[in-house]
Amino acid sequence: MSSSGRLTQSVGSIRRGKRITLAFRIILAIIMLFFALFPVVWIVSASFNPTNSLVGQPLIPPNPTLDNYRELFNNSTNPYGRWYLNSLMISSIVTVIGTAITTLAAYAFSRFNFSGRRGLLQAILLIQVFPNFLNMVAIFLILQQLGRYLPPFGLNTYGGLFLVYLGGTLGANTWLTKGYFDSLPRDLDEAAIVDGASGWQVFTQVLLPLVRPILVVVGLLTFIGTYSEYVLARVLLTNKQMYTLSVGLNQMVAEQFASSWGVFSAGALLAALPTVLLFMFFQRYLVGGLTAGSVKG
């Protein structure tokens, strides 16, 4: 066989290999999309299904109706609208305060050298090893005692829930944000100081715009974790009017012995909207860092 024939055969083999690889990727993507979208389609179908059943229901209900959504907001026993506002309020406040404190702490750990810095970082990392529900008894007793002296931060209060949520999110987020601050060259700080900027101006006007992507990620993680949290909210909140969405939806099904799965599906579908909208709005910030080209030399 001539060299040109061998070259043609080799090119053909490479092309066949690329086609097989592409076909495998397409099949794998279709399978993954099926597993990802099937539960969503099933919940959407159940929310329009008047039979209030998840077992044996068709994928497309024969007589779709909005009765489940009407029942969701017209039921005085289960104030879904109030639960929705509670979850949005709690998650938004925890996200804003937590992201602000996390940014300041990460900046201090990244840019300043002070006594006990390494020990504090290790302690923060060690504390995050244990999930919050393992400390449930201790958290309950602490808030019970705290409520005797500071009632707004005791049991069955939003203030106490804020404290617990903030304590659970600051550790991991501080490490994550500190790593991003560490990736920023210190030449930026030095150049700004030479130009007459103060330490606060260096932080707010030079570094803060560059760490915007990690702040968005930290904010989204905090919001989603707080918005969907169940265990702590179930234990620390006993007033039904103060329930969050996760606690309220669970109680809705438990109280009615799983007879209103259609209403539950409608509530779960609406509950997912804030997270989806946040991802759509902030997706352009979720891609990598902004430091490329910031230092020219």
# chains A, B, ... in the order shown; residues from 1 in each chain; ligands from 1

call {"tool": "residues_around", "arguments": {"residues": "Asn250 (chain A)", "least_positions_apart": "6", "cutoff": "12 Å", "atoms": "only C-alpha atoms", "output": "count of residues only"}}
result
22

call {"tool": "residues_around", "arguments": {"residues": "region 169-186 of chain A", "least_positions_apart": "4", "cutoff": "8 Å", "atoms": "only C-alpha atoms", "output": "VMD selection string"}}
result
chain A and resid 98 101 to 103 105 to 107 109 to 111 121 124 to 125 127 to 128 165 190 207 211 214 to 215 218 222 291 295

call {"tool": "residues_around", "arguments": {"residues": "Tyr227 (chain A)", "least_positions_apart": "6", "cutoff": "8 Å", "atoms": "only C-alpha atoms", "output": "JSON, numbers by chain"}}
result
{"A": [87, 88, 90, 91, 245, 246]}

call {"tool": "atom_distance", "arguments": {"atom1": "CA of Val202 (chain A)", "atom2": "CA of Ser115 (chain A)"}}
result
22.9 Å

call {"tool": "closest_residue", "arguments": {"among": "A:Leu273, A:Leu236, A:Pro79, A:Gly262", "to": "Ile142 (chain A)", "atoms": "only C-alpha atoms"}}
result
A:Leu236

call {"tool": "atom_distance", "arguments": {"atom1": "CA of Gln205 (chain A)", "atom2": "CA of Thr99 (chain A)"}}
result
17.3 Å

call {"tool": "closest_residue", "arguments": {"among": "A:Leu104, A:Val164, A:Ile60, A:Ile193", "to": "Val235 (chain A)", "atoms": "only C-alpha atoms"}}
result
A:Val164

call {"tool": "decode", "arguments": {"residues": "region 20-120 of chain A", "atoms": "C-alpha atoms", "output": "CSV table (one decimal), in the first residue's frame"}}
result
chain,number,residue,atom,x,y,z
A,20,ILE,CA,-18.3,7.3,17.4
A,21,THR,CA,-17.2,9.6,20.2
A,22,LEU,CA,-19.7,12.3,19.1
A,23,ALA,CA,-22.5,9.7,19.0
A,24,PHE,CA,-21.6,8.4,22.4
A,25,ARG,CA,-21.6,11.9,23.9
A,26,ILE,CA,-25.0,12.7,22.3
A,27,ILE,CA,-26.5,9.4,23.7
A,28,LEU,CA,-25.0,10.1,27.1
A,29,ALA,CA,-26.4,13.7,27.1
A,30,ILE,CA,-29.9,12.4,26.2
A,31,ILE,CA,-29.8,9.9,29.0
A,32,MET,CA,-28.7,12.5,31.5
A,33,LEU,CA,-31.3,15.0,30.4
A,34,PHE,CA,-34.0,12.3,30.7
A,35,PHE,CA,-33.0,11.5,34.3
A,36,ALA,CA,-32.8,15.3,35.1
A,37,LEU,CA,-36.0,16.4,33.5
A,38,PHE,CA,-38.3,13.4,34.2
A,39,PRO,CA,-39.0,14.3,37.8
A,40,VAL,CA,-39.7,17.9,36.9
A,41,VAL,CA,-42.1,16.9,34.1
A,42,TRP,CA,-43.8,14.5,36.5
A,43,ILE,CA,-44.2,17.2,39.2
A,44,VAL,CA,-45.6,19.6,36.6
A,45,SER,CA,-48.1,16.9,35.5
A,46,ALA,CA,-49.1,16.2,39.0
A,47,SER,CA,-49.7,19.9,39.8
A,48,PHE,CA,-52.4,20.0,37.0
A,49,ASN,CA,-53.8,16.5,37.8
A,50,PRO,CA,-57.2,16.8,39.6
A,51,THR,CA,-56.9,13.3,41.1
A,52,ASN,CA,-54.3,14.4,43.8
A,53,SER,CA,-52.3,11.2,43.2
A,54,LEU,CA,-48.7,10.5,42.2
A,55,VAL,CA,-49.1,6.8,41.7
A,56,GLY,CA,-50.4,5.6,38.3
A,57,GLN,CA,-51.0,9.1,36.9
A,58,PRO,CA,-50.4,9.7,33.2
A,59,LEU,CA,-47.6,11.9,32.1
A,60,ILE,CA,-50.1,14.2,30.5
A,61,PRO,CA,-53.2,14.5,32.7
A,62,PRO,CA,-56.5,13.9,30.6
A,63,ASN,CA,-58.3,16.8,32.3
A,64,PRO,CA,-55.7,19.4,33.4
A,65,THR,CA,-57.0,22.0,35.9
A,66,LEU,CA,-55.7,24.9,38.0
A,67,ASP,CA,-57.7,23.7,41.0
A,68,ASN,CA,-54.5,22.6,42.9
A,69,TYR,CA,-53.1,26.1,42.5
A,70,ARG,CA,-56.3,27.7,43.7
A,71,GLU,CA,-56.5,25.4,46.7
A,72,LEU,CA,-52.9,26.2,47.5
A,73,PHE,CA,-53.6,29.9,48.1
A,74,ASN,CA,-57.2,29.7,49.3
A,75,ASN,CA,-56.5,27.2,52.1
A,76,SER,CA,-56.7,29.1,55.4
A,77,THR,CA,-55.4,26.1,57.4
A,78,ASN,CA,-52.1,26.0,55.5
A,79,PRO,CA,-51.0,29.6,54.7
A,80,TYR,CA,-48.8,28.9,51.7
A,81,GLY,CA,-48.4,32.5,50.7
A,82,ARG,CA,-47.2,33.4,54.2
A,83,TRP,CA,-44.7,30.5,54.2
A,84,TYR,CA,-43.4,31.7,50.8
A,85,LEU,CA,-42.8,35.2,52.1
A,86,ASN,CA,-41.1,33.8,55.2
A,87,SER,CA,-38.7,31.7,53.2
A,88,LEU,CA,-37.8,34.6,50.8
A,89,MET,CA,-37.4,37.0,53.8
A,90,ILE,CA,-35.2,34.6,55.8
A,91,SER,CA,-33.1,33.5,52.8
A,92,SER,CA,-32.5,37.1,51.6
A,93,ILE,CA,-31.5,38.5,54.9
A,94,VAL,CA,-29.1,35.6,55.7
A,95,THR,CA,-27.7,35.8,52.2
A,96,VAL,CA,-27.0,39.6,52.4
A,97,ILE,CA,-25.6,39.5,55.9
A,98,GLY,CA,-23.7,36.3,55.4
A,99,THR,CA,-22.1,37.4,52.2
A,100,ALA,CA,-21.0,40.7,53.7
A,101,ILE,CA,-19.4,39.2,56.8
A,102,THR,CA,-17.8,36.4,54.7
A,103,THR,CA,-16.2,39.0,52.3
A,104,LEU,CA,-14.8,41.0,55.1
A,105,ALA,CA,-13.5,37.9,56.9
A,106,ALA,CA,-12.0,36.4,53.8
A,107,TYR,CA,-10.3,39.7,52.9
A,108,ALA,CA,-8.8,39.9,56.4
A,109,PHE,CA,-7.5,36.3,56.3
A,110,SER,CA,-6.1,36.8,52.8
A,111,ARG,CA,-4.4,40.2,53.1
A,112,PHE,CA,-3.4,40.6,56.8
A,113,ASN,CA,-1.0,38.8,59.0
A,114,PHE,CA,-2.1,38.6,62.6
A,115,SER,CA,-1.6,36.4,65.6
A,116,GLY,CA,-3.7,33.3,65.6
A,117,ARG,CA,-4.6,33.6,61.9
A,118,ARG,CA,-3.6,30.0,61.0
A,119,GLY,CA,-5.3,28.6,64.1
A,120,LEU,CA,-8.6,30.4,63.3
